[in-house]
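my_file26.txt (compact mmCIF, C-alpha atoms and all ligand atoms)
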```
# COMPACT_ATOMS: atom_id res chain seq x y z
CA MET Q 1 0.00 0.00 0.00
CA SER Q 2 1.66 3.23 -1.05
CA LEU Q 3 1.98 6.36 1.01
CA VAL Q 4 1.14 9.63 -0.72
CA VAL Q 5 1.76 13.19 0.51
CA GLN Q 6 -0.40 15.84 -1.15
CA LYS Q 7 -0.21 19.57 -0.52
CA PHE Q 8 -2.96 22.03 -1.43
CA GLY Q 9 -2.14 25.76 -1.58
CA GLY Q 10 -4.21 28.70 -0.36
CA SER Q 11 -6.18 29.22 -3.58
CA SER Q 12 -7.06 25.50 -3.60
CA VAL Q 13 -8.69 25.76 -0.17
CA GLY Q 14 -10.01 29.32 -0.54
CA SER Q 15 -13.69 28.51 0.21
CA VAL Q 16 -15.89 25.85 1.77
CA GLU Q 17 -16.71 24.53 -1.72
CA LYS Q 18 -13.03 24.33 -2.62
CA ILE Q 19 -12.21 22.46 0.59
CA LYS Q 20 -14.98 19.96 -0.24
CA ASN Q 21 -13.41 19.55 -3.68
CA VAL Q 22 -10.03 18.82 -2.04
CA ALA Q 23 -11.72 16.26 0.23
CA ARG Q 24 -13.17 14.50 -2.81
CA ARG Q 25 -9.78 14.44 -4.57
CA VAL Q 26 -8.04 13.05 -1.51
CA LEU Q 27 -10.72 10.38 -1.10
CA GLU Q 28 -10.30 9.22 -4.70
CA TYR Q 29 -6.74 8.24 -3.75
CA ALA Q 30 -7.66 6.94 -0.30
CA ASN Q 31 -10.39 4.74 -1.78
CA GLU Q 32 -7.82 3.16 -4.11
CA GLY Q 33 -6.05 2.02 -0.95
CA HIS Q 34 -3.31 4.66 -0.65
CA ARG Q 35 -2.36 5.96 2.78
CA MET Q 36 -2.89 9.72 2.59
CA VAL Q 37 -1.08 12.57 4.33
CA VAL Q 38 -2.48 15.94 3.25
CA VAL Q 39 -0.69 19.22 3.95
CA LEU Q 40 -2.73 22.39 3.71
CA SER Q 41 -2.03 26.12 3.48
CA ALA Q 42 -4.28 28.70 5.05
CA MET Q 43 -7.37 29.68 3.03
CA ALA Q 44 -6.47 32.25 0.33
CA GLY Q 45 -5.76 35.70 1.78
CA GLN Q 46 -5.84 34.53 5.41
CA THR Q 47 -2.13 34.83 6.13
CA ASP Q 48 -2.04 38.34 4.61
CA GLY Q 49 -5.09 39.23 6.72
CA LEU Q 50 -3.40 38.02 9.90
CA ILE Q 51 -0.29 40.06 9.14
CA ASP Q 52 -2.48 43.15 8.58
CA LEU Q 53 -4.15 42.56 11.95
CA ALA Q 54 -0.78 42.35 13.68
CA LYS Q 55 0.38 45.57 12.00
CA GLU Q 56 -2.73 47.34 13.30
CA MET Q 57 -1.73 46.27 16.78
CA ALA Q 58 1.97 47.17 16.63
CA GLU Q 59 4.31 48.77 14.11
CA ASP Q 60 6.92 46.08 14.61
CA PRO Q 61 5.05 43.09 16.11
CA ASP Q 62 6.86 40.72 18.44
CA PRO Q 63 8.13 37.85 16.23
CA ARG Q 64 7.06 35.13 18.68
CA GLU Q 65 3.50 36.40 18.90
CA LEU Q 66 3.39 37.00 15.15
CA ASP Q 67 4.15 33.30 14.60
CA VAL Q 68 1.49 32.25 17.11
CA LEU Q 69 -0.96 34.38 15.13
CA MET Q 70 0.14 33.34 11.64
CA ALA Q 71 0.00 29.64 12.49
CA THR Q 72 -3.76 29.93 13.08
CA GLY Q 73 -4.54 30.18 9.35
CA GLU Q 74 -3.48 26.60 8.68
CA GLN Q 75 -5.29 25.40 11.82
CA VAL Q 76 -8.58 26.52 10.28
CA SER Q 77 -8.07 24.76 6.96
CA VAL Q 78 -6.96 21.37 8.33
CA ALA Q 79 -9.91 21.26 10.74
CA LEU Q 80 -12.37 22.11 7.95
CA LEU Q 81 -10.85 19.52 5.60
CA CYS Q 82 -11.17 16.79 8.23
CA MET Q 83 -14.82 17.73 8.81
CA ALA Q 84 -15.41 17.53 5.05
CA ILE Q 85 -13.74 14.11 4.79
CA GLN Q 86 -15.64 12.80 7.82
CA SER Q 87 -18.92 13.94 6.28
CA MET Q 88 -17.97 11.74 3.30
CA ASP Q 89 -17.80 8.77 5.68
CA ARG Q 90 -14.07 8.44 6.03
CA GLU Q 91 -12.06 8.87 9.21
CA ALA Q 92 -9.66 11.82 9.25
CA ARG Q 93 -7.45 13.51 11.82
CA SER Q 94 -5.85 16.93 11.76
CA LEU Q 95 -2.42 17.50 13.29
CA LEU Q 96 -0.83 20.88 13.94
CA GLY Q 97 2.94 21.27 13.67
CA PHE Q 98 3.50 20.90 17.40
CA GLN Q 99 1.37 17.76 17.55
CA VAL Q 100 3.42 15.86 14.96
CA PRO Q 101 5.87 17.32 16.13
CA ILE Q 102 7.77 19.11 13.37
CA MET Q 103 10.84 20.44 15.18
CA THR Q 104 12.51 23.62 13.90
CA ASP Q 105 15.21 26.05 14.93
CA ARG Q 106 14.07 29.19 16.76
CA LEU Q 107 14.17 31.72 13.94
CA TYR Q 108 10.63 33.05 14.11
CA GLY Q 109 9.15 33.82 10.71
CA LYS Q 110 11.81 31.88 8.83
CA ALA Q 111 12.37 28.76 10.91
CA ARG Q 112 14.08 25.74 9.38
CA ILE Q 113 12.83 22.22 9.88
CA GLN Q 114 15.35 20.15 11.83
CA ASP Q 115 13.54 16.94 12.63
CA ILE Q 116 10.16 15.28 12.11
CA ASP Q 117 8.86 12.58 14.40
CA THR Q 118 6.74 10.36 12.14
CA GLN Q 119 5.34 8.06 14.84
CA ARG Q 120 2.06 9.84 15.46
CA ILE Q 121 1.29 10.19 11.74
CA MET Q 122 2.10 6.50 11.18
CA ASP Q 123 -0.19 5.51 14.07
CA GLU Q 124 -3.07 7.54 12.62
CA LEU Q 125 -2.50 6.06 9.16
CA ALA Q 126 -2.45 2.56 10.64
CA LYS Q 127 -5.95 3.24 11.97
CA GLY Q 128 -7.07 3.84 8.40
CA ARG Q 129 -7.38 7.61 8.85
CA VAL Q 130 -6.52 10.35 6.41
CA VAL Q 131 -4.05 12.65 8.18
CA ALA Q 132 -4.22 16.40 7.52
CA VAL Q 133 -1.11 18.27 8.67
CA ALA Q 134 -1.06 22.05 9.04
CA GLY Q 135 1.58 23.45 6.68
CA PHE Q 136 4.06 26.27 7.39
CA GLN Q 137 4.44 25.68 11.15
CA GLY Q 138 6.62 23.91 13.68
CA LEU Q 139 7.88 23.90 17.23
CA ASP Q 140 11.25 24.98 18.60
CA GLU Q 141 13.08 23.12 21.35
CA SER Q 142 11.73 25.50 24.00
CA GLY Q 143 8.15 24.66 23.01
CA ASN Q 144 7.43 27.84 21.03
CA ILE Q 145 5.37 27.83 17.84
CA THR Q 146 7.41 28.84 14.79
CA THR Q 147 6.55 29.47 11.13
CA LEU Q 148 8.68 28.62 8.12
CA GLY Q 149 8.35 31.79 6.02
CA ARG Q 150 5.89 32.68 3.25
CA GLY Q 151 5.09 29.77 0.98
CA GLY Q 152 6.40 27.40 3.67
CA SER Q 153 3.66 24.79 3.33
CA ASP Q 154 5.46 23.41 0.27
CA THR Q 155 8.44 22.79 2.54
CA THR Q 156 6.28 21.05 5.15
CA ALA Q 157 4.98 18.71 2.44
CA VAL Q 158 8.33 17.79 0.92
CA ALA Q 159 10.01 17.40 4.32
CA LEU Q 160 7.17 15.11 5.42
CA ALA Q 161 7.44 13.10 2.21
CA ALA Q 162 11.17 12.65 2.88
CA ALA Q 163 10.70 11.75 6.55
CA LEU Q 164 7.86 9.32 5.85
CA GLY Q 165 9.61 7.77 2.84
CA ALA Q 166 6.51 8.58 0.77
CA ASP Q 167 6.06 6.99 -2.64
CA LEU Q 168 4.75 10.21 -4.14
CA CYS Q 169 4.71 13.91 -3.24
CA GLU Q 170 2.18 16.01 -5.11
CA ILE Q 171 1.93 19.79 -4.86
CA PHE Q 172 -1.50 20.96 -5.99
CA THR Q 173 -1.82 24.62 -6.95
CA ASP Q 174 -3.76 27.05 -9.15
CA VAL Q 175 -1.67 26.43 -12.31
CA GLU Q 176 -1.12 23.17 -14.18
CA GLY Q 177 2.54 22.82 -13.30
CA VAL Q 178 5.84 24.65 -13.61
CA PHE Q 179 5.77 26.84 -16.71
CA THR Q 180 8.58 28.30 -18.81
CA THR Q 181 7.71 31.57 -17.06
CA ASP Q 182 4.91 32.93 -14.89
CA PRO Q 183 1.74 32.24 -16.94
CA SER Q 184 -0.04 35.11 -15.22
CA ILE Q 185 2.15 37.67 -17.00
CA CYS Q 186 3.13 35.76 -20.14
CA PRO Q 187 0.20 34.12 -21.94
CA LYS Q 188 2.61 32.16 -24.15
CA ALA Q 189 4.27 30.40 -21.20
CA ARG Q 190 4.28 26.61 -21.63
CA LYS Q 191 3.98 23.87 -19.06
CA MET Q 192 7.17 21.84 -18.70
CA GLU Q 193 6.99 18.07 -18.48
CA ALA Q 194 9.99 17.93 -16.18
CA ILE Q 195 12.53 20.26 -14.62
CA SER Q 196 15.72 19.44 -12.70
CA TYR Q 197 16.13 20.23 -9.02
CA ASP Q 198 18.93 22.69 -9.84
CA GLU Q 199 16.88 24.60 -12.39
CA MET Q 200 13.89 24.67 -10.05
CA LEU Q 201 16.13 25.95 -7.24
CA GLU Q 202 17.27 28.81 -9.46
CA MET Q 203 13.72 29.52 -10.69
CA ALA Q 204 12.44 29.62 -7.10
CA SER Q 205 15.30 31.73 -5.77
CA LEU Q 206 14.92 34.15 -8.69
CA GLY Q 207 11.24 34.75 -8.03
CA ALA Q 208 9.04 31.90 -9.38
CA LYS Q 209 6.86 31.34 -6.34
CA VAL Q 210 5.22 28.17 -7.67
CA LEU Q 211 7.47 26.21 -5.26
CA ASP Q 212 9.10 27.49 -2.10
CA ILE Q 213 12.87 27.30 -2.48
CA ARG Q 214 13.41 25.31 0.71
CA SER Q 215 10.99 22.64 -0.47
CA VAL Q 216 13.21 22.13 -3.52
CA GLU Q 217 16.33 22.01 -1.32
CA PHE Q 218 14.71 19.22 0.70
CA ALA Q 219 13.61 17.41 -2.43
CA LYS Q 220 17.11 17.53 -3.90
CA LYS Q 221 18.82 16.48 -0.67
CA PHE Q 222 16.54 13.50 -0.08
CA ASN Q 223 15.82 12.79 -3.75
CA VAL Q 224 12.05 13.23 -3.45
CA PRO Q 225 10.43 13.57 -6.89
CA ILE Q 226 7.74 16.28 -6.78
CA HIS Q 227 4.70 16.37 -9.02
CA VAL Q 228 3.41 19.95 -9.35
CA ARG Q 229 -0.13 19.97 -10.74
CA SER Q 230 -3.48 21.73 -10.74
CA THR Q 231 -6.15 21.26 -8.07
CA PHE Q 232 -8.81 22.07 -10.61
CA THR Q 233 -8.01 19.67 -13.48
CA LYS Q 234 -6.89 16.05 -13.78
CA GLU Q 235 -4.04 16.92 -16.21
CA LYS Q 236 -0.58 15.58 -15.55
CA GLY Q 237 1.64 18.41 -14.26
CA THR Q 238 5.41 18.90 -14.04
CA MET Q 239 7.87 16.48 -12.45
CA VAL Q 240 10.70 18.09 -10.46
CA VAL Q 241 13.45 15.48 -10.52
CA ALA Q 242 17.21 14.87 -10.65
CA GLU Q 243 18.89 16.10 -13.84
CA THR Q 244 18.88 13.84 -16.89
CA LYS Q 245 21.08 14.01 -20.01
CA ASP Q 246 18.10 15.16 -22.05
CA MET Q 247 17.72 18.32 -20.00
CA GLU Q 248 21.13 19.55 -21.10
CA LYS Q 249 19.96 19.80 -24.70
CA VAL Q 250 17.87 22.78 -23.72
CA MET Q 251 19.96 25.91 -23.35
CA VAL Q 252 17.42 28.05 -21.50
CA SER Q 253 14.47 26.37 -19.87
CA GLY Q 254 12.81 29.23 -18.05
CA VAL Q 255 12.52 32.95 -17.33
CA ALA Q 256 11.91 34.32 -13.83
CA TYR Q 257 11.46 37.78 -12.34
CA ASN Q 258 11.59 39.36 -8.92
CA LYS Q 259 10.18 42.79 -8.07
CA ASN Q 260 10.98 42.45 -4.43
CA GLU Q 261 14.49 43.93 -4.35
CA ALA Q 262 15.82 47.47 -4.01
CA ARG Q 263 19.18 48.97 -5.01
CA VAL Q 264 21.62 50.90 -2.86
CA THR Q 265 24.59 52.77 -4.34
CA ILE Q 266 27.40 54.40 -2.37
CA THR Q 267 29.36 56.85 -4.50
CA LYS Q 268 33.03 57.84 -4.25
CA VAL Q 269 34.03 55.11 -1.85
CA PRO Q 270 37.77 55.13 -0.97
CA ASP Q 271 39.25 51.97 -2.47
CA ARG Q 272 41.33 50.38 0.28
CA PRO Q 273 41.37 47.08 2.16
CA GLY Q 274 38.61 46.57 4.74
CA ILE Q 275 36.11 49.03 3.27
CA ALA Q 276 33.65 46.44 1.95
CA ALA Q 277 33.83 44.58 5.25
CA GLN Q 278 33.05 47.83 7.11
CA ILE Q 279 30.08 48.67 4.88
CA PHE Q 280 28.45 45.23 5.01
CA GLU Q 281 29.08 44.47 8.69
CA PRO Q 282 26.03 46.36 10.11
CA ILE Q 283 23.82 44.99 7.29
CA PHE Q 284 24.92 41.46 8.06
CA GLN Q 285 24.44 42.05 11.80
CA ALA Q 286 20.86 43.15 11.13
CA GLY Q 287 20.18 39.83 9.37
CA ILE Q 288 19.59 41.51 6.00
CA VAL Q 289 20.39 39.31 3.00
CA VAL Q 290 22.37 41.14 0.32
CA ASP Q 291 21.90 39.75 -3.18
CA MET Q 292 23.94 41.30 -6.02
CA ILE Q 293 27.05 43.35 -5.32
CA VAL Q 294 28.91 45.34 -7.97
CA GLN Q 295 32.03 47.41 -7.39
CA ASN Q 296 33.48 49.46 -10.22
CA THR Q 297 37.20 49.57 -11.00
CA SER Q 298 38.64 52.42 -9.05
CA GLU Q 299 39.89 55.63 -10.53
CA ASP Q 300 42.30 57.64 -8.40
CA GLY Q 301 41.62 55.34 -5.45
CA ILE Q 302 37.87 56.07 -5.50
CA THR Q 303 35.10 53.70 -6.57
CA ASP Q 304 31.30 53.21 -6.55
CA LEU Q 305 29.64 50.31 -4.78
CA THR Q 306 26.15 49.07 -5.64
CA PHE Q 307 24.16 46.24 -4.10
CA THR Q 308 20.61 44.98 -3.77
CA VAL Q 309 18.57 44.00 -0.70
CA PRO Q 310 14.98 42.74 -0.25
CA LYS Q 311 12.51 45.66 -0.57
CA PRO Q 312 11.12 45.26 2.97
CA ASP Q 313 14.70 45.81 4.28
CA PHE Q 314 15.41 48.86 2.11
CA TYR Q 315 14.77 51.67 4.60
CA LYS Q 316 16.59 49.84 7.37
CA THR Q 317 19.56 49.34 5.04
CA MET Q 318 19.63 53.02 4.04
CA LYS Q 319 19.61 53.98 7.73
CA LEU Q 320 22.48 51.60 8.49
CA VAL Q 321 24.60 52.57 5.51
CA GLY Q 322 24.33 56.36 5.95
CA PRO Q 323 26.62 56.66 9.00
CA VAL Q 324 29.13 54.11 7.65
CA ALA Q 325 29.38 56.01 4.37
CA GLN Q 326 30.15 59.17 6.34
CA ASP Q 327 32.73 57.39 8.50
CA ILE Q 328 34.67 56.09 5.52
CA GLY Q 329 34.49 59.42 3.69
CA ALA Q 330 32.26 58.31 0.79
CA GLU Q 331 30.32 60.95 -1.14
CA LYS Q 332 26.64 59.93 -0.83
CA VAL Q 333 24.19 57.03 -0.61
CA LEU Q 334 21.57 56.66 -3.34
CA GLY Q 335 18.63 54.28 -3.26
CA ASP Q 336 16.15 52.99 -5.82
CA GLU Q 337 13.12 50.85 -5.03
CA ASP Q 338 11.72 50.79 -8.57
CA ILE Q 339 13.87 47.98 -9.87
CA ALA Q 340 13.25 44.37 -10.88
CA LYS Q 341 15.49 41.44 -11.62
CA VAL Q 342 14.81 39.32 -14.70
CA SER Q 343 16.66 36.03 -15.12
CA ILE Q 344 17.09 33.22 -17.60
CA ILE Q 345 17.76 29.73 -16.27
CA GLY Q 346 18.94 26.47 -17.84
CA VAL Q 347 21.37 23.65 -17.07
CA GLY Q 348 22.19 23.55 -20.80
CA MET Q 349 23.90 26.96 -20.45
CA ARG Q 350 26.96 25.17 -19.11
CA ASN Q 351 27.70 23.92 -22.62
CA HIS Q 352 26.77 26.97 -24.64
CA ALA Q 353 28.60 30.22 -25.19
CA GLY Q 354 26.91 33.53 -25.94
CA VAL Q 355 23.79 33.00 -23.86
CA ALA Q 356 24.27 36.20 -21.86
CA GLN Q 357 24.96 38.15 -25.03
CA ARG Q 358 21.70 36.94 -26.55
CA MET Q 359 19.90 38.11 -23.42
CA PHE Q 360 21.50 41.59 -23.59
CA GLN Q 361 20.62 41.91 -27.26
CA ALA Q 362 17.02 40.90 -26.65
CA LEU Q 363 16.63 43.53 -23.92
CA ALA Q 364 18.39 46.17 -26.03
CA GLY Q 365 16.03 45.37 -28.91
CA ASP Q 366 13.19 46.73 -26.79
CA ASN Q 367 15.20 49.61 -25.37
CA ILE Q 368 15.33 48.13 -21.89
CA ASN Q 369 18.32 49.45 -19.99
CA ILE Q 370 20.35 47.03 -17.89
CA VAL Q 371 21.42 48.39 -14.51
CA MET Q 372 23.25 45.39 -13.03
CA ILE Q 373 24.22 41.93 -14.23
CA SER Q 374 25.10 38.73 -12.44
CA THR Q 375 25.78 35.25 -13.76
CA SER Q 376 26.27 31.73 -12.48
CA GLU Q 377 26.77 28.41 -14.20
CA ILE Q 378 23.08 27.99 -14.98
CA LYS Q 379 21.57 31.49 -14.88
CA VAL Q 380 22.01 35.09 -16.02
CA SER Q 381 20.22 37.88 -14.14
CA CYS Q 382 19.78 41.53 -15.11
CA VAL Q 383 18.43 44.32 -12.94
CA ILE Q 384 16.20 46.67 -14.91
CA GLU Q 385 13.64 49.40 -14.23
CA GLU Q 386 10.61 47.81 -12.57
CA LYS Q 387 8.13 49.22 -15.09
CA TYR Q 388 9.67 47.09 -17.85
CA THR Q 389 9.41 43.77 -15.99
CA GLU Q 390 6.50 42.23 -17.88
CA LEU Q 391 7.85 43.39 -21.24
CA ALA Q 392 11.31 42.02 -20.45
CA VAL Q 393 9.92 38.64 -19.40
CA ARG Q 394 7.93 38.30 -22.65
CA VAL Q 395 10.84 39.48 -24.80
CA LEU Q 396 13.25 36.98 -23.21
CA HIS Q 397 10.69 34.19 -23.36
CA LYS Q 398 10.41 34.76 -27.11
CA ALA Q 399 14.12 35.36 -27.75
CA PHE Q 400 15.05 31.97 -26.31
CA GLY Q 401 12.42 30.10 -28.30
CA LEU Q 402 10.39 29.15 -25.26
CA GLU Q 403 7.08 29.81 -26.99
CA GLU Q 404 7.58 26.83 -29.26
CA GLU Q 405 7.11 23.18 -28.39
CA GLY Q 406 10.51 21.77 -27.38
CA GLY Q 407 11.82 25.36 -27.29
CA GLY Q 408 14.91 26.71 -25.58
CA LYS Q 409 17.26 24.66 -27.79
CA THR Q 410 20.20 26.19 -29.62
P1 LIG S 501 -0.21 28.15 -3.78
O1 LIG S 501 -1.20 29.06 -3.12
O2 LIG S 501 -0.86 26.93 -4.38
O3 LIG S 501 0.98 27.81 -2.92
P2 LIG S 501 1.35 30.12 -5.21
O4 LIG S 501 0.57 31.37 -5.49
O5 LIG S 501 2.31 30.14 -4.10
O6 LIG S 501 0.31 28.92 -5.07
O7 LIG S 501 2.14 29.67 -6.54
C1 LIG S 501 1.46 29.53 -7.77
C2 LIG S 501 1.67 30.78 -8.62
O8 LIG S 501 3.04 30.88 -8.98
C3 LIG S 501 0.95 30.76 -9.95
O9 LIG S 501 -0.37 31.22 -9.84
C4 LIG S 501 1.82 31.63 -10.85
O10 LIG S 501 1.28 32.92 -11.03
C5 LIG S 501 3.12 31.77 -10.07
N1 LIG S 501 4.30 31.43 -10.89
C6 LIG S 501 5.42 32.19 -11.02
N2 LIG S 501 6.29 31.63 -11.85
C7 LIG S 501 5.75 30.48 -12.28
C8 LIG S 501 6.19 29.44 -13.16
N3 LIG S 501 7.37 29.48 -13.77
N4 LIG S 501 5.35 28.39 -13.38
C9 LIG S 501 4.15 28.32 -12.77
N5 LIG S 501 3.67 29.27 -11.91
C10 LIG S 501 4.46 30.34 -11.67
N1 LIG S 502 -0.05 30.37 4.49
C1 LIG S 502 1.35 30.63 4.30
C2 LIG S 502 1.54 31.77 3.32
O1 LIG S 502 0.58 32.33 2.84
C3 LIG S 502 2.13 29.41 3.88
C4 LIG S 502 1.76 28.84 2.52
O2 LIG S 502 0.72 29.15 1.96
O3 LIG S 502 2.54 28.06 2.01
O4 LIG S 502 2.65 32.14 3.03
MG MG S 503 2.84 28.79 -2.54
```
Just give me the structure of the file as structure tokens.
Amino acid sequence: MSLVVQKFGGSSVGSVEKIKNVARRVLEYANEGHRMVVVLSAMAGQTDGLIDLAKEMAEDPDPRELDVLMATGEQVSVALLCMAIQSMDREARSLLGFQVPIMTDRLYGKARIQDIDTQRIMDELAKGRVVAVAGFQGLDESGNITTLGRGGSDTTAVALAAALGADLCEIFTDVEGVFTTDPSICPKARKMEAISYDEMLEMASLGAKVLDIRSVEFAKKFNVPIHVRSTFTKEKGTMVVAETKDMEKVMVSGVAYNKNEARVTITKVPDRPGIAAQIFEPIFQAGIVVDMIVQNTSEDGITDLTFTVPKPDFYKTMKLVGPVAQDIGAEKVLGDEDIAKVSIIGVGMRNHAGVAQRMFQALAGDNINIVMISTSEIKVSCVIEEKYTELAVRVLHKAFGLEEEGGGKT
């Protein structure tokens, strides 16, 4: 008898009717004899609503209490799903993170799963029950409720699949799989049959929110194949799996974008040892994650330094950098929140020259100015003005042949 983990996202459980639909889907599998563990997100909009409530209460809410609050969204959906399944004459049991327990570190709001005790889930399954586990939440070693960060229910599902040795892990969402780019902004995006863990990691880290990046890290580490598919159709979706030889034939397999970063530039920075360390120290101490960093070649011992940070950390970063810039005798600090990062991704890039150049030409063809560039073995990213994001995504999608069946080849 196989063990299946299925995760349903917020839009899939957004109403009573939708939860009943999920119950029916889960029961189709259960009635075939599969043991079912179902991970749910909060109903659509709930988590945002809870954050808004907290912000009404305090400008900078206490992280522990914020996690206690945010974890309630998933509590509602698992309870409702179990009621729906029970009303269809099947036994079901909901489990919150702390009841499993799913143990995490103590980083509120972005906790990492450290250990999952599978005993209680196995006991419930052995009684013939469907088990519904609340996504996105865990417990630290001091007994505090933690949450895993936005989109974290994907991670709960994949980590559970790994811990339980599940035969299948399915992520149900509001699109039919992983597409060549976000189908909501590019109508010509195509569903991929399969994508490698490494490409999916890049896609997720560069902004494609269809899978949470940490869920893909878990999947890669424990070799859990993920099937991403739609809650609302029976179509086969996309398999996220280890790389195969075939995948290398495709030079670029996807385009991603991220509007959630801001740029900071410090002008006329004295170019001497220790300066970068001095500038980034307070940013690092504040737990702010710096993404791209560009330093120009110096002229007369003076240079410019530009870097990007997540938009929510922009003002804090500007406040931290101001005094340091003064201390080191730099000229001024400039900031820009209206930027976006567009990226092309593909494991096939390793074997092809000129990929970046083709990207630059495509953007130039539509008069889109490139502000910053960064590359790795399997991606090229460009920072551009935010207002050109959608245009840039469509232009790149076309330029790399992704509109056509079997596209992305040289
Ligand atoms: P869920 O609520 O099920 O977790 P999310 O909203 O987190 O769903 O993720 C699904 C969304 O991800 C889609 O509606 C789509 O707009 C977006 N998305 C971004 N990039 C991609 C991509 N390359 N393929 C598919 N969906 C993508
Ligand atoms: N409910 C959480 C969120 O909205 C977790 C999730 O949906 O995966 O981010
Ligand atoms: Mg999600």
Handout entry: Expected residue set, 12 Å radius at (5.2, 31.4, 15.9), all atoms listed in the file, as an MDAnalysis selection string
Key = chainID Q and resid 61:73 97:98 104:111 136:140 142:149
Those same residues, written as an mmCIF file, in the frame of the given file with C-alpha atoms?
```cif
data_model
loop_
_atom_site.group_PDB
_atom_site.id
_atom_site.type_symbol
_atom_site.label_atom_id
_atom_site.label_comp_id
_atom_site.auth_asym_id
_atom_site.auth_seq_id
_atom_site.Cartn_x
_atom_site.Cartn_y
_atom_site.Cartn_z
ATOM 1 C CA PRO Q 61 5.050 43.090 16.110
ATOM 2 C CA ASP Q 62 6.860 40.720 18.440
ATOM 3 C CA PRO Q 63 8.130 37.850 16.230
ATOM 4 C CA ARG Q 64 7.060 35.130 18.680
ATOM 5 C CA GLU Q 65 3.500 36.400 18.900
ATOM 6 C CA LEU Q 66 3.390 37.000 15.150
ATOM 7 C CA ASP Q 67 4.150 33.300 14.600
ATOM 8 C CA VAL Q 68 1.490 32.250 17.110
ATOM 9 C CA LEU Q 69 -0.960 34.380 15.130
ATOM 10 C CA MET Q 70 0.140 33.340 11.640
ATOM 11 C CA ALA Q 71 0.000 29.640 12.490
ATOM 12 C CA THR Q 72 -3.760 29.930 13.080
ATOM 13 C CA GLY Q 73 -4.540 30.180 9.350
ATOM 14 C CA GLY Q 97 2.940 21.270 13.670
ATOM 15 C CA PHE Q 98 3.500 20.900 17.400
ATOM 16 C CA THR Q 104 12.510 23.620 13.900
ATOM 17 C CA ASP Q 105 15.210 26.050 14.930
ATOM 18 C CA ARG Q 106 14.070 29.190 16.760
ATOM 19 C CA LEU Q 107 14.170 31.720 13.940
ATOM 20 C CA TYR Q 108 10.630 33.050 14.110
ATOM 21 C CA GLY Q 109 9.150 33.820 10.710
ATOM 22 C CA LYS Q 110 11.810 31.880 8.830
ATOM 23 C CA ALA Q 111 12.370 28.760 10.910
ATOM 24 C CA PHE Q 136 4.060 26.270 7.390
ATOM 25 C CA GLN Q 137 4.440 25.680 11.150
ATOM 26 C CA GLY Q 138 6.620 23.910 13.680
ATOM 27 C CA LEU Q 139 7.880 23.900 17.230
ATOM 28 C CA ASP Q 140 11.250 24.980 18.600
ATOM 29 C CA SER Q 142 11.730 25.500 24.000
ATOM 30 C CA GLY Q 143 8.150 24.660 23.010
ATOM 31 C CA ASN Q 144 7.430 27.840 21.030
ATOM 32 C CA ILE Q 145 5.370 27.830 17.840
ATOM 33 C CA THR Q 146 7.410 28.840 14.790
ATOM 34 C CA THR Q 147 6.550 29.470 11.130
ATOM 35 C CA LEU Q 148 8.680 28.620 8.120
ATOM 36 C CA GLY Q 149 8.350 31.790 6.020
#
```
Practice task
Have a look at CA of Gly301 (chain Q) and CA of Glu261 (chain Q) and let me know their distance in Å, one decimal.
Solution key: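 If I compute the distance from CA of Gly301 (chain Q) to CA of Glu261 (chain Q), I get 29.5 Å.
Atom to atom, atom C9 of ligand LIG 501 (chain S) and CA of Glu74 (chain Q) stand 22.8 Å apart.
Excluding Thr306 (chain Q) itself and same-chain residues fewer than 6 positions from it, the residues having an atom within 9 Å of it are Arg263, Val264, Thr265, Ile266, Thr267, Met292, Ile293, Val294, Gln295, Asn296 and Met372 of chain Q, counting only C-alpha atoms.
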Practice task
List every protein, DNA or RNA residue with an atom no more than 12 Å from (27.3, 56.0, 8.4) in the file's coordinates, counting all atoms listed in the file, and format the result as a list in words.
Solution key: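 Protein, DNA and RNA residues close to (27.3, 56.0, 8.4): Ile266, Gln278, Ile279, Phe280, Glu281, Pro282, Ile283, Thr317, Met318, Lys319, Leu320, Val321, Gly322, Pro323, Val324, Ala325, Gln326, Asp327, Ile328, Gly329, Ala330, Glu331, Lys332 and Val333 of chain Q.
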Practice task
Work out how far apart CA of Val309 (chain Q) and CA of Ile373 (chain Q) are and give it in Å to one decimal.
Solution key: 14.8 Å
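Using only C-alpha atoms, the smallest distance between any of Q:Ala159, Q:Asp246, Q:Gly354, Q:Asp304 and Val224 (chain Q) comes from Q:Ala159.
Counting all atoms listed in the file, the residue from Q:Ala392, Q:Ala286, Q:Met251, Q:Val38 that sits nearest to Ile378 (chain Q) is Q:Met251.
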Please put the answer as JSON: centre and edge lengths, in Å with one decimal, of a box along x, y and z that encloses all listed atoms of region 183-192 of chain Q plus 4 Å on each side.
```
{"center_x": 3.6, "center_y": 29.8, "center_z": -19.7, "size_x": 15.2, "size_y": 23.8, "size_z": 16.9}
```
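Each of Q:Ala157, Q:Ile102, Q:Leu363, Q:Ala54 was checked against Tyr388 (chain Q) using only C-alpha atoms; the smallest atom-to-atom distance is that of Q:Leu363.
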Practice task
Find the residue from Q:Lys127, Q:His227, Q:Arg120, Q:Lys188 that sits nearest to Glu404 (chain Q); use only C-alpha atoms when measuring.
Solution key: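 For Glu404 (chain Q), the nearest of the candidates is Q:Lys188.
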Practice task
Measuring atom to atom with only C-alpha atoms and all ligand atoms, identify which of Q:Ser15, Q:Thr118, Q:Ser215, Q:Ser196 is nearest to ligand LIG 502 (chain S).
Solution key: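 Looking only at the distances to ligand LIG 502 (chain S), the closest residue turns out to be Q:Ser215.
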Problem - Arg35 (chain Q) environment, 9 Å, all atoms listed in the file, sequence neighbours closer than 3 positions dropped, as a ChimeraX atom specification - result: /Q:1-5,29-30,125-126,128-131
